[in-house]
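To start, the structure under review is shown below, and the notes come after it.
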There are 2 protein chains.
Amino acid sequence: MSEIYTQDVSRCMAEVIGDGGLTADALATARAAAWDVWSAMREDIAEEGFPALSIAAQADDLGAIWDAAARLSAHCKTVALLGVGGSSLGAEALCALAQNPAVDVRFLNNPDPETLARFRASTDFARTGMVMISKSGGTAETLALAMTLMPDLVAQRGADTVADYAVTITEPGDNPIRRLAARWGVPVMDHPADIGGRYAALSVVGLLPAALVGVDIAAVRAGAVEALKVNLQGVVIDAVPAAEGAAVSLALLQSRGARMGVLMPYSDSLAPLVRWHRQLWAESIGKSGRGTTPIDALGSVDQHSQLQLYLDGPDDKMFTIIAQPLDGRGDRVPPELASHAGADYLAGRTTGDLLGAEQEATIDTLCAHGRPVRRIDVARIDPAAVGALMVHFMLETVTACFMLGVDPFDQPAVDDGKERARARLAALK
Amino acid sequence: MSEIYTQDVSRCMAEVIGDGGLTADALATARAAAWDVWSAMREDIAEEGFPALSIAAQADDLGAIWDAAARLSAHCKTVALLGVGGSSLGAEALCALAQNPAVDVRFLNNPDPETLARFRASTDFARTGMVMISKSGGTAETLALAMTLMPDLVAQRGADTVADYAVTITEPGDNPIRRLAARWGVPVMDHPADIGGRYAALSVVGLLPAALVGVDIAAVRAGAVEALKVNLQGVVIDAVPAAEGAAVSLALLQSRGARMGVLMPYSDSLAPLVRWHRQLWAESIGKSGRGTTPIDALGSVDQHSQLQLYLDGPDDKMFTIIAQPLDGRGDRVPPELASHAGADYLAGRTTGDLLGAEQEATIDTLCAHGRPVRRIDVARIDPAAVGALMVHFMLETVTACFMLGVDPFDQPAVDDGKERARARLAALK
C-alpha cells in the first residue's frame, strides 16, 4: 500500500453480495451527484476556503503548542481537560495513541457530581493542571466545571504561577471563559474562529492535548495533508475516497434503506476516533429529517455483542471496517499449551494473528449474509494514519451533507435544549 | 418514590407529543400481545424456570464469592479480567459503582497486541492477578489471552500460590479453559450452566469482579429481587414496567418506524450498564430480520454530539432517559465568579443542579420535537438500583423477543463467523 489509506467499496455492490447491495445504476446516480458536490468543494479547498483542512498544512502554530504542552508537562502530573463535544472528542482520539504518557490527561466533560467527587479523591491538586476548551466560551458544562475546580486549584498551587498549570482555548473576542481566564491569569490560546468545534481536531484544540501526552502532532498534520492530497489528486470519483464513500453511503440509504452506518475498527486505539466520528457525522447531517445514524462498534469485542443483530437482524445498516495488518504481531500462544487445552487452532498463533483472522472473517461473514461492507485499510495505527482518517471523514461528511442539501456546519436544533436548561436552572429554588 | 425504580411512558403517546407518538389503539394492541407473553413468563418465573432471575434470590453462593474476592484482593493490586461479551459487560456495569477500589480491575477483552503491550508495560506482574471467564470455556479471544499472559504471571508469582492470584469461571464439564486451569492449579468457580452469558450478570460472573472492587453484591441481589417483585405484583400491564416497556418499544417500531432505541442515562456510572444492555438487547432480539438496534448514549455529554440528530434527523428512534434526582448535589459555582463571567444563570448553582436541569430539558426538548421518550427514574445510582435495572431490562428484553417470535436465549448467526476465523487462522503460514 503506497497511499496512507485505501478504501474498498466493492462489497457494497449487489454483484458481490447479492440483493442487499447496490445496483450499478444506483451507484452511478449517487456518484454523479457526489461528483458535482466534490468538484465545487475541491475548488473551495484549493482557494483555502475550508479552514478545517487548510490548517493541516500550517506549521507556524506548532511551536506555541509544543511550548504550552512543555510548560504544563513540566509542572503537572495530571491534567484535567474540561471540554465537551468538539472540544473533547478530537483530543481523545489523538491522545489514545500515546505510548507511556508522562502526563495523565483526564477528560472531564460531564458535570456529574459523582465523577467530580471521584476526580477530587483520586487527584493530588498540588500536581494537577487544567486545560479549559470552549469555542464560544459559553458552554455551560465547561464553565460550571471551571468555576468549581479552578478556585481550589489556584488555592493549592498559588495564584502567581497559574501559567504553569492552566491554559484556556477559546475563540477571539470577549466571552465568559475568557473573562475568567483574565481574572485567574490563565494564558489563552485562540480557537480558530472559522473552524467549528467538531471540525477542529487538527487545530490547537486537538493538538495541545495530544502534545501533552507525547503524540507526534507534526505527524498528525502530515498524515492529514497526505490524505488531502490523495483526495484532491483523484480525477475520477473512485479515486477520491471521501466522495466515493459519501456516494456509497447515500446510495445505500436511498436505494437499500441503510439508515445506520456502523464504524468498526479492529484496534482499541481507534475506539475514541469512532466516537469523534459519531459526533462529526450526526451533528453535521442530522437535519430536516435527513441523514443516517452513526453507530460506533469495536472489533473483535462487538462480535460478542452486536454481530448477531448485524448479521441476522433488520437489513438497515452499512458497515465500515477499519482494518490493519495484524498477522504475526503480539505474543505467541505456546503450542504445547494450546494442544493441552484442545485448542490446536491457536497453537503458535499470535494475538495479532487471531485479531486479524477475526477482522477478515467478520468482513466475509457480513458479505455472506448480504450486508454491505466498506473496508478502509491503514498500514499501521499511528498519528499520521489518524490524521489521515480525520481528513477523510471530514471530507466525506461535508460531501454527504451537501448531497442531502443540509448545512454541514451548523447545529440549529440544540439551542432549544440549551434555553430550556437555563430556564430550569433559573426556576430552581 | 417508594419503589426501587419507576417508569413513565406517557411521553411516548400521540396525545402528549403529537404525531410522532403512539395512538391509544396502537398501544392497546401491543399491550394485549405483551400481556399474553408476560402471563406465561410470570408463571415460568414463579416455577423457577428462569434461572437468570431466580439466582437473584439466592444467598448461599455469596460466601464463596466473597472468599474468592478476599483472597485475590489480599494478594493483588491489579486484576486482569479476561472475558468478552456476557463474560465482561455485566461485571463492568457493576464495577463502575466502586468507590475508591483497593484493587484495580482491568478488563482485557480484545486480543489487540497494542493493548496487551501497554498492559504489560503498565503492570507489575508480581502484584497482578487474573480472573478468566468463559461460559463455554472455548472463547478464542479469552483462551489466547490466558495462554499468552498466564505463563508469565506464573513465572513471576510462582506455581505454588496460583490460588492466591487466579480464578477461572466456566460451566461444569470438560472444556479448554478448565483443562488449562487444572494444569496451572487455578481454582474454578462454576458458571451456572442454565444461564446464558448475557443473562449472567447477577451470578458469580458479575458479582466476583464487583466484590473485588468493594461493591455491595448483596445489595445488587436485593435490588434485583425488589425489581422482580415490582414486576410480578402488577395485575394490569401498566403496573408491570418490563412488559409495558416491551409493549411500547414494539408498538413504536411497528406503528411509528422506531427502528432504534436510544438508552441515555444522566450518570457517568451508568455508561457501562448501557453497554451491557446493548449486548443484551441486540443479541437477544436481532434475529430473522426482526428487532431494533440499541444505541448507547450519555447525558449531558451526547447533547453536544447526538442531540441535533435526535431532534431534527429522521424520526426513527425511541428514547429512554434514566433519570435521577440531582438538584443540590455537587460543588457550588461561586456567585461572584459567575457574575464576573457573565454567566449569572450558574450563580450559586451546583454541578448537580446543572446536570439535573439538562436531564429535564432534554426530555422536554425531545417531546417538543415530537420524539417519543420513556423515562425511568431511580432514587439514586447504587448497587441496588443497578441490580433492579438489570432485572427490568432482562424481563423487558425477553418479553419483547417472545412478542416478535424470536428466541431470546440463542445467537445462531455468530457461529458462522467463528468458523471463518478458525479457517483463516489455519490458513496462515
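Numbering starts fresh at 1 for the residues of each chain in the C-alpha cells, the chains themselves are lettered A, B, ... in the order given, and ligands are numbered from 1 as they appear.
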Please write out chain A, superposed on chain B by least squares over all C-alpha atoms matched in order, as a CSV table (one decimal) with C-alpha atoms, in the first residue's frame.
chain,number,residue,atom,x,y,z
A,1,MET,CA,-40.8,7.2,45.2
A,2,SER,CA,-41.5,4.1,47.2
A,3,GLU,CA,-40.5,1.7,44.5
A,4,ILE,CA,-36.9,0.9,43.6
A,5,TYR,CA,-37.5,2.4,40.1
A,6,THR,CA,-40.4,3.9,38.2
A,7,GLN,CA,-41.2,4.1,34.5
A,8,ASP,CA,-43.2,6.7,32.7
A,9,VAL,CA,-44.2,6.1,29.1
A,10,SER,CA,-46.7,8.9,28.8
A,11,ARG,CA,-44.4,10.9,26.6
A,12,CYS,CA,-44.5,8.1,24.0
A,13,MET,CA,-48.1,8.9,23.3
A,14,ALA,CA,-49.6,11.0,20.4
A,15,GLU,CA,-51.9,12.8,22.8
A,16,VAL,CA,-48.8,14.2,24.6
A,17,ILE,CA,-46.2,14.6,21.8
A,18,GLY,CA,-48.3,14.7,18.7
A,19,ASP,CA,-48.0,12.6,15.5
A,20,GLY,CA,-44.6,11.1,16.5
A,21,GLY,CA,-46.3,9.2,19.3
A,22,LEU,CA,-48.5,6.2,19.7
A,23,THR,CA,-52.2,6.2,19.2
A,24,ALA,CA,-54.2,4.7,22.0
A,25,ASP,CA,-55.2,1.9,19.7
A,26,ALA,CA,-51.6,1.0,18.7
A,27,LEU,CA,-50.7,0.9,22.4
A,28,ALA,CA,-53.7,-1.2,23.3
A,29,THR,CA,-52.8,-3.8,20.6
A,30,ALA,CA,-49.2,-4.1,21.7
A,31,ARG,CA,-50.3,-4.3,25.4
A,32,ALA,CA,-52.6,-7.2,24.7
A,33,ALA,CA,-49.8,-9.1,23.0
A,34,ALA,CA,-47.3,-8.2,25.8
A,35,TRP,CA,-49.8,-9.3,28.4
A,36,ASP,CA,-50.1,-12.7,26.8
A,37,VAL,CA,-46.4,-13.2,26.8
A,38,TRP,CA,-46.0,-11.8,30.3
A,39,SER,CA,-48.6,-14.0,31.8
A,40,ALA,CA,-46.8,-17.1,30.6
A,41,MET,CA,-43.4,-15.7,31.7
A,42,ARG,CA,-44.8,-14.9,35.1
A,43,GLU,CA,-45.8,-18.5,35.6
A,44,ASP,CA,-42.4,-19.6,34.4
A,45,ILE,CA,-40.7,-17.3,36.9
A,46,ALA,CA,-42.9,-18.5,39.7
A,47,GLU,CA,-41.8,-22.1,38.9
A,48,GLU,CA,-38.2,-21.0,39.0
A,49,GLY,CA,-38.0,-21.7,35.3
A,50,PHE,CA,-36.0,-18.6,34.7
A,51,PRO,CA,-32.6,-19.2,36.3
A,52,ALA,CA,-31.1,-15.8,35.3
A,53,LEU,CA,-33.6,-14.3,37.7
A,54,SER,CA,-34.1,-16.9,40.4
A,55,ILE,CA,-30.4,-16.6,41.1
A,56,ALA,CA,-31.2,-13.1,42.4
A,57,ALA,CA,-32.9,-14.6,45.4
A,58,GLN,CA,-30.1,-17.0,46.1
A,59,ALA,CA,-27.7,-16.2,49.0
A,60,ASP,CA,-25.8,-19.4,49.6
A,61,ASP,CA,-23.3,-18.7,46.9
A,62,LEU,CA,-22.3,-15.2,48.2
A,63,GLY,CA,-19.9,-16.6,50.8
A,64,ALA,CA,-17.8,-18.4,48.2
A,65,ILE,CA,-17.7,-15.2,46.1
A,66,TRP,CA,-16.6,-13.0,49.0
A,67,ASP,CA,-13.9,-15.6,49.9
A,68,ALA,CA,-12.6,-15.6,46.4
A,69,ALA,CA,-12.6,-11.9,46.2
A,70,ALA,CA,-10.9,-11.5,49.6
A,71,ARG,CA,-8.2,-13.9,48.6
A,72,LEU,CA,-7.4,-12.1,45.3
A,73,SER,CA,-7.6,-8.7,47.0
A,74,ALA,CA,-5.2,-9.8,49.7
A,75,HIS,CA,-2.6,-10.7,47.1
A,76,CYS,CA,-3.1,-8.5,44.1
A,77,LYS,CA,-3.0,-4.8,43.4
A,78,THR,CA,-4.2,-5.2,39.8
A,79,VAL,CA,-6.5,-7.9,38.5
A,80,ALA,CA,-6.9,-8.5,34.8
A,81,LEU,CA,-10.3,-9.8,33.9
A,82,LEU,CA,-10.2,-11.9,30.7
A,83,GLY,CA,-13.6,-12.2,29.2
A,84,VAL,CA,-15.7,-10.8,26.4
A,85,GLY,CA,-19.4,-10.1,25.9
A,86,GLY,CA,-21.5,-11.6,28.6
A,87,SER,CA,-18.3,-12.5,30.5
A,88,SER,CA,-17.3,-8.9,30.8
A,89,LEU,CA,-20.1,-6.4,30.3
A,90,GLY,CA,-22.2,-7.2,33.4
A,91,ALA,CA,-19.1,-7.1,35.6
A,92,GLU,CA,-18.1,-3.7,34.0
A,93,ALA,CA,-21.5,-2.3,34.8
A,94,LEU,CA,-21.2,-3.3,38.4
A,95,CYS,CA,-17.6,-2.3,38.9
A,96,ALA,CA,-18.5,1.2,37.7
A,97,LEU,CA,-20.1,1.7,41.1
A,98,ALA,CA,-16.9,1.2,43.0
A,99,GLN,CA,-15.8,3.9,45.4
A,100,ASN,CA,-12.0,4.1,45.9
A,101,PRO,CA,-11.4,0.4,45.0
A,102,ALA,CA,-8.4,-1.3,46.6
A,103,VAL,CA,-7.9,-3.4,43.5
A,104,ASP,CA,-7.6,-2.1,40.0
A,105,VAL,CA,-9.7,-4.4,37.8
A,106,ARG,CA,-8.6,-4.1,34.2
A,107,PHE,CA,-10.9,-5.6,31.6
A,108,LEU,CA,-9.0,-7.2,28.8
A,109,ASN,CA,-11.5,-8.4,26.2
A,110,ASN,CA,-9.7,-7.8,22.9
A,111,PRO,CA,-6.6,-9.7,21.7
A,112,ASP,CA,-5.2,-6.4,20.4
A,113,PRO,CA,-1.4,-6.7,20.5
A,114,GLU,CA,-1.0,-3.0,21.2
A,115,THR,CA,-3.3,-3.1,24.3
A,116,LEU,CA,-1.5,-6.1,25.6
A,117,ALA,CA,1.9,-4.5,25.2
A,118,ARG,CA,0.6,-1.4,27.1
A,119,PHE,CA,-0.9,-3.7,29.8
A,120,ARG,CA,2.4,-5.4,30.3
A,121,ALA,CA,4.3,-2.1,30.3
A,122,SER,CA,2.0,-0.5,32.9
A,123,THR,CA,1.5,-3.5,35.3
A,124,ASP,CA,3.7,-5.1,37.9
A,125,PHE,CA,3.1,-8.8,37.3
A,126,ALA,CA,4.4,-9.6,40.8
A,127,ARG,CA,1.3,-7.9,42.2
A,128,THR,CA,-1.2,-8.8,39.4
A,129,GLY,CA,-3.9,-11.4,39.4
A,130,MET,CA,-6.2,-12.8,36.8
A,131,VAL,CA,-9.9,-13.8,36.5
A,132,MET,CA,-10.6,-15.8,33.4
A,133,ILE,CA,-14.3,-16.1,32.4
A,134,SER,CA,-15.8,-18.1,29.5
A,135,LYS,CA,-19.0,-19.9,29.8
A,136,SER,CA,-18.2,-22.5,27.2
A,137,GLY,CA,-14.6,-22.5,28.1
A,138,GLY,CA,-13.7,-22.2,24.4
A,139,THR,CA,-13.9,-18.5,23.6
A,140,ALA,CA,-10.9,-18.0,21.3
A,141,GLU,CA,-10.0,-14.5,22.5
A,142,THR,CA,-10.1,-15.4,26.2
A,143,LEU,CA,-8.1,-18.6,25.6
A,144,ALA,CA,-5.5,-16.7,23.6
A,145,LEU,CA,-5.1,-14.0,26.3
A,146,ALA,CA,-5.0,-16.6,29.0
A,147,MET,CA,-2.3,-18.7,27.3
A,148,THR,CA,-0.1,-15.7,26.5
A,149,LEU,CA,-0.4,-14.0,29.9
A,150,MET,CA,-0.7,-16.8,32.4
A,151,PRO,CA,2.7,-18.4,31.8
A,152,ASP,CA,4.4,-15.0,32.6
A,153,LEU,CA,2.2,-14.5,35.6
A,154,VAL,CA,3.0,-17.9,37.0
A,155,ALA,CA,6.7,-17.4,36.3
A,156,GLN,CA,6.6,-14.1,38.2
A,157,ARG,CA,4.4,-15.2,41.1
A,158,GLY,CA,5.2,-18.8,41.5
A,159,ALA,CA,3.4,-22.0,40.7
A,160,ASP,CA,2.6,-22.9,44.3
A,161,THR,CA,0.5,-19.9,45.1
A,162,VAL,CA,-1.7,-19.8,42.0
A,163,ALA,CA,-4.9,-19.9,44.0
A,164,ASP,CA,-3.9,-16.5,45.6
A,165,TYR,CA,-3.9,-14.7,42.3
A,166,ALA,CA,-6.1,-16.5,39.7
A,167,VAL,CA,-9.6,-17.8,39.3
A,168,THR,CA,-11.5,-19.2,36.4
A,169,ILE,CA,-15.2,-19.1,35.9
A,170,THR,CA,-16.7,-21.6,33.4
A,171,GLU,CA,-19.6,-24.0,33.1
A,172,PRO,CA,-19.3,-27.5,34.5
A,173,GLY,CA,-17.8,-30.2,32.3
A,174,ASP,CA,-14.6,-30.7,30.4
A,175,ASN,CA,-13.6,-27.7,28.3
A,176,PRO,CA,-10.4,-25.9,27.2
A,177,ILE,CA,-10.2,-23.2,29.9
A,178,ARG,CA,-10.9,-25.9,32.6
A,179,ARG,CA,-8.1,-28.0,31.3
A,180,LEU,CA,-5.8,-25.0,31.4
A,181,ALA,CA,-7.0,-24.2,34.9
A,182,ALA,CA,-6.3,-27.8,36.1
A,183,ARG,CA,-2.8,-27.6,34.6
A,184,TRP,CA,-2.0,-24.3,36.3
A,185,GLY,CA,-3.7,-25.2,39.5
A,186,VAL,CA,-6.2,-22.3,39.2
A,187,PRO,CA,-9.4,-22.7,41.2
A,188,VAL,CA,-12.5,-23.0,39.1
A,189,MET,CA,-15.9,-21.5,40.0
A,190,ASP,CA,-18.9,-22.7,38.1
A,191,HIS,CA,-20.7,-20.5,35.6
A,192,PRO,CA,-24.3,-21.6,36.0
A,193,ALA,CA,-24.9,-24.0,33.1
A,194,ASP,CA,-28.5,-22.9,32.7
A,195,ILE,CA,-27.8,-19.1,32.4
A,196,GLY,CA,-26.6,-17.7,29.1
A,197,GLY,CA,-23.6,-15.3,29.2
A,198,ARG,CA,-25.6,-12.1,28.5
A,199,TYR,CA,-28.1,-13.0,31.3
A,200,ALA,CA,-25.4,-13.9,33.8
A,201,ALA,CA,-24.7,-10.6,35.5
A,202,LEU,CA,-26.4,-11.5,38.8
A,203,SER,CA,-24.3,-14.7,39.1
A,204,VAL,CA,-20.7,-15.1,40.1
A,205,VAL,CA,-19.8,-13.8,36.6
A,206,GLY,CA,-20.8,-10.3,37.5
A,207,LEU,CA,-20.6,-10.5,41.3
A,208,LEU,CA,-17.0,-11.7,41.7
A,209,PRO,CA,-15.5,-8.8,39.9
A,210,ALA,CA,-17.9,-6.4,41.7
A,211,ALA,CA,-16.9,-7.9,45.1
A,212,LEU,CA,-13.2,-7.4,44.1
A,213,VAL,CA,-13.7,-3.6,43.9
A,214,GLY,CA,-15.8,-3.5,47.0
A,215,VAL,CA,-19.3,-3.2,45.5
A,216,ASP,CA,-22.0,-4.4,47.8
A,217,ILE,CA,-23.1,-7.5,45.9
A,218,ALA,CA,-25.8,-8.5,48.4
A,219,ALA,CA,-27.3,-5.1,47.7
A,220,VAL,CA,-27.2,-5.8,44.0
A,221,ARG,CA,-29.1,-9.0,44.5
A,222,ALA,CA,-31.6,-7.3,46.9
A,223,GLY,CA,-32.3,-4.6,44.3
A,224,ALA,CA,-32.8,-7.3,41.7
A,225,VAL,CA,-35.3,-9.2,44.0
A,226,GLU,CA,-37.1,-5.9,44.6
A,227,ALA,CA,-37.5,-5.2,40.9
A,228,LEU,CA,-38.7,-8.7,40.3
A,229,LYS,CA,-41.3,-8.2,43.0
A,230,VAL,CA,-42.4,-4.8,41.4
A,231,ASN,CA,-43.0,-6.6,38.1
A,232,LEU,CA,-44.6,-9.8,39.5
A,233,GLN,CA,-47.1,-8.0,41.7
A,234,GLY,CA,-48.6,-5.9,38.9
A,235,VAL,CA,-52.1,-7.1,38.0
A,236,VAL,CA,-52.5,-4.8,35.0
A,237,ILE,CA,-49.9,-4.1,32.3
A,238,ASP,CA,-49.1,-0.5,33.2
A,239,ALA,CA,-48.2,-1.8,36.7
A,240,VAL,CA,-45.6,-4.2,35.1
A,241,PRO,CA,-42.9,-1.9,33.8
A,242,ALA,CA,-41.0,-4.5,31.9
A,243,ALA,CA,-44.0,-5.8,30.0
A,244,GLU,CA,-45.2,-2.2,29.4
A,245,GLY,CA,-41.7,-1.2,28.2
A,246,ALA,CA,-41.7,-4.1,25.7
A,247,ALA,CA,-45.2,-3.2,24.5
A,248,VAL,CA,-44.3,0.5,24.0
A,249,SER,CA,-41.0,-0.3,22.2
A,250,LEU,CA,-42.6,-2.7,19.7
A,251,ALA,CA,-45.6,-0.5,19.2
A,252,LEU,CA,-43.3,2.4,18.3
A,253,LEU,CA,-41.4,0.1,16.0
A,254,GLN,CA,-44.5,-1.3,14.3
A,255,SER,CA,-46.7,1.8,14.1
A,256,ARG,CA,-44.1,4.6,14.0
A,257,GLY,CA,-41.0,3.0,12.5
A,258,ALA,CA,-38.8,3.5,15.6
A,259,ARG,CA,-36.0,1.1,14.5
A,260,MET,CA,-33.6,2.3,17.1
A,261,GLY,CA,-33.8,2.5,20.8
A,262,VAL,CA,-31.5,5.1,22.5
A,263,LEU,CA,-30.7,4.5,26.1
A,264,MET,CA,-29.3,7.6,27.8
A,265,PRO,CA,-28.7,7.9,31.5
A,266,TYR,CA,-27.7,11.1,33.1
A,267,SER,CA,-24.9,9.5,35.1
A,268,ASP,CA,-21.3,8.6,34.1
A,269,SER,CA,-21.6,5.5,36.4
A,270,LEU,CA,-24.3,4.0,34.3
A,271,ALA,CA,-22.5,4.3,31.0
A,272,PRO,CA,-21.2,0.6,31.3
A,273,LEU,CA,-24.7,-0.6,32.2
A,274,VAL,CA,-25.9,0.8,28.9
A,275,ARG,CA,-23.1,-1.1,27.1
A,276,TRP,CA,-24.3,-4.2,28.9
A,277,HIS,CA,-27.9,-3.5,27.8
A,278,ARG,CA,-26.7,-3.0,24.2
A,279,GLN,CA,-25.5,-6.6,24.1
A,280,LEU,CA,-28.5,-8.0,25.9
A,281,TRP,CA,-31.0,-6.4,23.6
A,282,ALA,CA,-29.1,-6.8,20.3
A,283,GLU,CA,-28.0,-10.4,20.7
A,284,SER,CA,-31.4,-11.5,22.0
A,285,ILE,CA,-33.7,-9.8,19.6
A,286,GLY,CA,-31.7,-9.3,16.4
A,287,LYS,CA,-32.9,-12.4,14.5
A,288,SER,CA,-34.8,-13.5,11.4
A,289,GLY,CA,-34.7,-9.9,10.1
A,290,ARG,CA,-36.5,-8.7,13.3
A,291,GLY,CA,-35.6,-6.5,16.2
A,292,THR,CA,-34.5,-2.9,16.8
A,293,THR,CA,-31.0,-1.5,17.1
A,294,PRO,CA,-29.9,-0.4,20.6
A,295,ILE,CA,-27.9,2.8,20.8
A,296,ASP,CA,-25.9,3.9,23.8
A,297,ALA,CA,-25.8,7.5,24.8
A,298,LEU,CA,-24.8,9.5,27.8
A,299,GLY,CA,-26.2,12.7,29.2
A,300,SER,CA,-25.3,15.5,29.2
A,301,VAL,CA,-22.2,14.7,27.0
A,302,ASP,CA,-24.1,13.5,24.0
A,303,GLN,CA,-26.3,16.6,23.9
A,304,HIS,CA,-23.1,18.0,22.4
A,305,SER,CA,-22.8,15.2,19.9
A,306,GLN,CA,-26.0,13.4,19.1
A,307,LEU,CA,-28.9,15.6,20.1
A,308,GLN,CA,-29.0,17.5,16.9
A,309,LEU,CA,-29.6,14.2,15.0
A,310,TYR,CA,-32.1,13.0,17.7
A,311,LEU,CA,-34.2,16.2,17.5
A,312,ASP,CA,-34.0,17.1,13.8
A,313,GLY,CA,-32.8,14.0,11.9
A,314,PRO,CA,-35.1,11.1,10.8
A,315,ASP,CA,-37.9,10.3,13.2
A,316,ASP,CA,-36.8,6.6,13.6
A,317,LYS,CA,-35.9,6.3,17.3
A,318,MET,CA,-37.4,5.7,20.7
A,319,PHE,CA,-35.6,7.4,23.6
A,320,THR,CA,-35.2,6.1,27.2
A,321,ILE,CA,-33.7,8.5,29.7
A,322,ILE,CA,-32.6,7.1,33.0
A,323,ALA,CA,-33.0,10.0,35.4
A,324,GLN,CA,-32.0,10.6,39.0
A,325,PRO,CA,-32.6,13.5,41.4
A,326,LEU,CA,-29.6,15.8,41.0
A,327,ASP,CA,-30.7,19.1,42.5
A,328,GLY,CA,-28.4,20.5,45.2
A,329,ARG,CA,-25.7,17.8,44.7
A,330,GLY,CA,-22.1,18.5,44.0
A,331,ASP,CA,-19.9,21.6,44.2
A,332,ARG,CA,-21.4,25.1,44.0
A,333,VAL,CA,-20.5,27.7,41.5
A,334,PRO,CA,-19.3,30.8,43.4
A,335,PRO,CA,-21.9,33.6,42.6
A,336,GLU,CA,-19.3,36.2,42.3
A,337,LEU,CA,-17.3,34.3,39.7
A,338,ALA,CA,-20.5,33.5,37.7
A,339,SER,CA,-21.3,37.2,37.7
A,340,HIS,CA,-17.8,38.2,36.7
A,341,ALA,CA,-18.0,35.7,33.8
A,342,GLY,CA,-21.4,37.0,32.7
A,343,ALA,CA,-23.0,33.6,33.3
A,344,ASP,CA,-25.4,34.6,36.1
A,345,TYR,CA,-27.6,31.7,35.4
A,346,LEU,CA,-25.0,29.5,37.0
A,347,ALA,CA,-24.5,31.7,40.1
A,348,GLY,CA,-24.9,29.6,43.3
A,349,ARG,CA,-25.9,26.5,41.3
A,350,THR,CA,-24.3,23.2,41.8
A,351,THR,CA,-22.9,20.9,39.2
A,352,GLY,CA,-25.8,18.6,40.0
A,353,ASP,CA,-28.3,21.4,39.5
A,354,LEU,CA,-26.9,21.9,36.1
A,355,LEU,CA,-26.9,18.2,35.1
A,356,GLY,CA,-30.4,17.8,36.5
A,357,ALA,CA,-31.6,20.8,34.5
A,358,GLU,CA,-30.1,19.3,31.4
A,359,GLN,CA,-31.8,16.0,32.1
A,360,GLU,CA,-35.2,17.6,32.3
A,361,ALA,CA,-34.6,20.0,29.5
A,362,THR,CA,-33.5,17.1,27.1
A,363,ILE,CA,-36.7,15.2,27.9
A,364,ASP,CA,-38.8,18.4,27.3
A,365,THR,CA,-37.0,19.2,24.1
A,366,LEU,CA,-37.3,15.7,22.6
A,367,CYS,CA,-41.0,15.8,23.4
A,368,ALA,CA,-41.4,19.3,21.9
A,369,HIS,CA,-39.9,17.9,18.7
A,370,GLY,CA,-42.4,15.1,18.7
A,371,ARG,CA,-39.9,12.4,19.6
A,372,PRO,CA,-41.1,9.6,21.9
A,373,VAL,CA,-39.4,9.5,25.3
A,374,ARG,CA,-39.7,6.9,28.1
A,375,ARG,CA,-38.3,8.0,31.4
A,376,ILE,CA,-37.0,5.6,34.1
A,377,ASP,CA,-36.4,7.2,37.5
A,378,VAL,CA,-34.2,5.8,40.3
A,379,ALA,CA,-33.8,7.5,43.6
A,380,ARG,CA,-30.1,7.1,43.5
A,381,ILE,CA,-27.4,5.3,41.5
A,382,ASP,CA,-26.2,2.5,43.7
A,383,PRO,CA,-25.8,-1.3,43.6
A,384,ALA,CA,-29.4,-2.0,44.4
A,385,ALA,CA,-30.6,0.3,41.6
A,386,VAL,CA,-28.3,-1.3,39.1
A,387,GLY,CA,-29.4,-4.7,40.2
A,388,ALA,CA,-33.0,-3.6,39.7
A,389,LEU,CA,-32.4,-2.1,36.3
A,390,MET,CA,-30.7,-5.3,35.2
A,391,VAL,CA,-33.8,-7.3,36.1
A,392,HIS,CA,-36.0,-4.8,34.4
A,393,PHE,CA,-34.1,-4.9,31.2
A,394,MET,CA,-33.8,-8.7,31.2
A,395,LEU,CA,-37.5,-9.1,31.7
A,396,GLU,CA,-38.3,-6.4,29.1
A,397,THR,CA,-35.9,-8.0,26.5
A,398,VAL,CA,-37.3,-11.5,26.9
A,399,THR,CA,-40.9,-10.2,26.7
A,400,ALA,CA,-40.1,-8.3,23.5
A,401,CYS,CA,-38.4,-11.3,22.0
A,402,PHE,CA,-41.3,-13.6,22.6
A,403,MET,CA,-43.6,-10.9,21.2
A,404,LEU,CA,-41.6,-10.9,18.0
A,405,GLY,CA,-41.4,-14.7,17.9
A,406,VAL,CA,-37.6,-15.0,18.3
A,407,ASP,CA,-35.7,-17.0,20.9
A,408,PRO,CA,-34.2,-14.6,23.5
A,409,PHE,CA,-31.5,-17.1,24.5
A,410,ASP,CA,-29.6,-18.2,21.4
A,411,GLN,CA,-27.3,-16.4,19.0
A,412,PRO,CA,-27.1,-18.7,16.0
A,413,ALA,CA,-25.7,-16.3,13.4
A,414,VAL,CA,-22.4,-15.7,15.1
A,415,ASP,CA,-21.2,-19.2,14.8
A,416,ASP,CA,-20.6,-18.8,11.1
A,417,GLY,CA,-18.1,-16.0,11.8
A,418,LYS,CA,-16.3,-18.1,14.4
A,419,GLU,CA,-15.8,-20.9,11.9
A,420,ARG,CA,-14.5,-18.5,9.3
A,421,ALA,CA,-12.0,-17.0,11.8
A,422,ARG,CA,-10.7,-20.5,12.6
A,423,ALA,CA,-10.3,-21.3,8.9
A,424,ARG,CA,-8.4,-18.1,8.4
A,425,LEU,CA,-6.1,-18.9,11.3
A,426,ALA,CA,-5.5,-22.4,10.0
A,427,ALA,CA,-4.6,-21.0,6.6
A,428,LEU,CA,-1.9,-18.6,8.0
A,429,LYS,CA,1.7,-19.6,7.2
Q: Go through region 166-357 of chain A and collect every residue that DSSP, computed from the backbone, puts in alpha helix (DSSP H); the answer should be as a PyMOL selection string.
A: chain A and resi 176-184+204-212+217-233+241-256+271-285+307-312+335-341+351-357
Q: Could you find all residues in region 28-265 of chain B that DSSP calls strand (DSSP E) from the backbone, and write them as number ranges by chain?
A: B: 78-82, 104-108, 128-133, 166-170, 188-190, 260-265
